[in-house]
Amino acid sequence: MSEALSVLSEEEQMFQTSVRQFAHERLAPHVRAMDEAGVFRKDLLKELFDLGLMSIDVPESLGGQGGTFFQAILAIEELAKVDPSASVIVDVHNTLFNAAILQWGTEEQKYRILPTACRGALASYALSEAGSGSDAFALTTRAVEDGDGYVLTGRKLWITNAAEAHFFLVFATVDPGAGYKGVTAFLIERDTPGFTVGKKEDKLGIRASSTCELILEQCRVSKTNILGEVGKGYKVAIETLNAGRIGIGAQMVGLAAGALEHALGYARERKQFGRPIGDFQGVQFELAEMAVEVEAARLLVYNAARLKDSGKPFVTEAAMAKYFASQIAERCASRAVEVFGGVGFTRDCPVEKLYRDAKIGRIYEGTSNMQRVTIAKALLNK
């Protein structure tokens, strides 16, 4: 691993420190209550926008911070150490929605949508349906051309940020017989007639991050709100998700690092047989293995992010990062619970929540099996 990939610049260190401070001072006191309520506080969401964490790599001319994708990854990681729910809110808004508009939007769409999305209008990314998870393009949501627009009908499931979002990037097919070549991306605002946010899911983990059903009933969308070309929505989805997986990797690295920090603190304080449990080799070995795994996952994620920022191919590295980091998050959170012992199994203990939050990493934005398929294909096609 070269220095260019693993060492942070002074600017990146300052940015990382500012996010870390926000996470510990503002987020941490509310994490447990938000998890129990299953709701992210509106004042904290506003602060995320006010701090520029929802527009990190959007150009300043469009209302953003003019930063890099790598800085977005740093923010996602730091937030996840304290609350993975906050992390995924920032992740989806930056790496999926903003990124899709920047890459595929017309100049008119960029200037119409991004300044609002940077100032306070949360965004959501709606691809999944009941019958299209890993088979992402088996969509049944239909878009029928009607004059200067399209009429959309169907349902979307498991849509992150949906309860609070104003903007939605919705994928529908204009021709079911064309398979993935019929998929088209549409930009929809919350108050569009025929568009409804439905049931909010009651989840195992990342409970303060909303996950909802979307219902489209004769929802009319202007052709000016098509993102990219008609029938090319699959390219929008694939290329956006490829980068988004680096964000999920960062979230999982942050979660694992947070679990390690809690375990280290407890190992120093908790005494058994008259000594801190950190003095016992059995606990030391667990902590050492956690630290090695967190560092390895972090370097995979950072490498993929640096490659993306440099304009080099990164798809395989992103899949590796997401796959490995999600494994490590689950393993480190589990080990942290064991370091805490009985108290780690109670709701009062922060690692209990991290253990629940970790499971989603192996599922969303491409399951672990899908990442293995991507990696294997890249190896075999060399």
# chains A, B, ... in the order shown; residues from 1 in each chain; ligands from 1
$ residues_around --residues "segment 136-147 of chain A" --least-positions-apart "5" --cutoff "8 Å" --atoms "only C-alpha atoms" --output "list of chain:residue names"
A:Leu127, A:Ser128, A:Glu129, A:Gly131, A:Leu152, A:Thr153, A:Gly154, A:Arg155, A:Lys156, A:Phe171, A:Ala172, A:Thr173, A:Val174, A:Asp175, A:Pro176, A:Gly179, A:Tyr180, A:Val183, A:Tyr234
$ residues_around --residues "segment 23-26 of chain A" --least-positions-apart "6" --cutoff "12 Å" --atoms "only C-alpha atoms" --output "mmCIF file with C-alpha atoms, in the first residue's frame"
data_model
loop_
_atom_site.group_PDB
_atom_site.id
_atom_site.type_symbol
_atom_site.label_atom_id
_atom_site.label_comp_id
_atom_site.auth_asym_id
_atom_site.auth_seq_id
_atom_site.Cartn_x
_atom_site.Cartn_y
_atom_site.Cartn_z
ATOM 1 C CA GLN A 16 -12.048 14.174 9.462
ATOM 2 C CA THR A 17 -11.530 15.840 12.845
ATOM 3 C CA ARG A 41 -33.958 13.912 14.861
ATOM 4 C CA ASP A 43 -32.500 19.178 14.199
ATOM 5 C CA LEU A 44 -29.567 16.806 13.649
ATOM 6 C CA LEU A 45 -30.539 16.304 10.021
ATOM 7 C CA LYS A 46 -30.516 20.073 9.587
ATOM 8 C CA GLU A 47 -27.074 20.238 11.186
ATOM 9 C CA LEU A 48 -25.775 17.658 8.701
ATOM 10 C CA LEU A 51 -22.149 21.519 8.071
ATOM 11 C CA LEU A 53 -22.008 16.971 4.945
ATOM 12 C CA ALA A 75 -17.358 11.529 6.724
ATOM 13 C CA ILE A 76 -19.324 8.311 6.314
ATOM 14 C CA GLU A 77 -16.711 6.386 8.293
ATOM 15 C CA GLU A 78 -16.515 8.890 11.162
ATOM 16 C CA LEU A 79 -20.291 9.116 11.550
ATOM 17 C CA ALA A 80 -20.624 5.320 11.545
ATOM 18 C CA LYS A 81 -18.267 5.017 14.514
ATOM 19 C CA VAL A 82 -20.951 6.744 16.569
ATOM 20 C CA ASP A 83 -24.185 6.038 14.670
ATOM 21 C CA PRO A 84 -24.405 3.975 11.471
ATOM 22 C CA SER A 85 -27.932 5.350 10.950
ATOM 23 C CA ALA A 86 -26.571 8.876 10.502
ATOM 24 C CA SER A 87 -23.839 7.458 8.308
ATOM 25 C CA GLY A 254 -16.578 2.986 10.849
ATOM 26 C CA GLY A 258 -16.466 2.115 16.815
#
$ select_by_dssp --residues "segment 41-95 of chain A" --states "alpha helix (DSSP H)" --output "PyMOL selection string"
chain A and resi 42-50+69-82+84-91
$ closest_residue --among "A:Glu261, A:Asp91, A:Asp148, A:Asp57" --to "Asn161 of chain A" --atoms "only C-alpha atoms"
A:Asp91
$ select_by_dssp --residues "segment 225-326 of chain A" --states "strand (DSSP E or B)" --output "ChimeraX atom specification"
/A:226-227,271-272,275-276
$ write_last_selection --atoms "C-alpha atoms" --output "short mmCIF file (atom, residue, chain, number, x, y, z; two decimals), in the first residue's frame"
data_model
loop_
_atom_site.label_atom_id
_atom_site.label_comp_id
_atom_site.auth_asym_id
_atom_site.auth_seq_id
_atom_site.Cartn_x
_atom_site.Cartn_y
_atom_site.Cartn_z
CA ILE A 226 -35.72 11.84 -16.97
CA LEU A 227 -32.16 11.36 -15.75
CA LYS A 271 -11.59 -5.61 36.44
CA GLN A 272 -11.70 -9.33 37.15
CA ARG A 275 -6.82 -6.82 37.24
CA PRO A 276 -8.19 -5.01 34.16
#
$ closest_residue --among "A:Glu10, A:Gln103, A:Pro115, A:Ala267" --to "Gln284 of chain A" --atoms "only C-alpha atoms"
A:Ala267
$ residues_around --residues "Lys353 of chain A" --least-positions-apart "2" --cutoff "10 Å" --atoms "only C-alpha atoms" --output "list in words"
Val31, Arg32, Asp35, Asp83, Pro84, Leu204, Gly205, Ile206, Arg207, Ala259, Ala333, Val337, Gly344, Phe345, Thr346, Arg347, Asp348, Cys349, Pro350, Val351, Tyr355, Arg356, Asp357 and Ala358 of chain A
$ closest_residue --among "A:Phe273, A:Phe324, A:Phe314, A:Phe97" --to "Ile113 of chain A" --atoms "only C-alpha atoms"
A:Phe97
$ atom_distance --atom1 "atom CA of Leu157 of chain A" --atom2 "atom CA of Leu216 of chain A"
11.7 Å
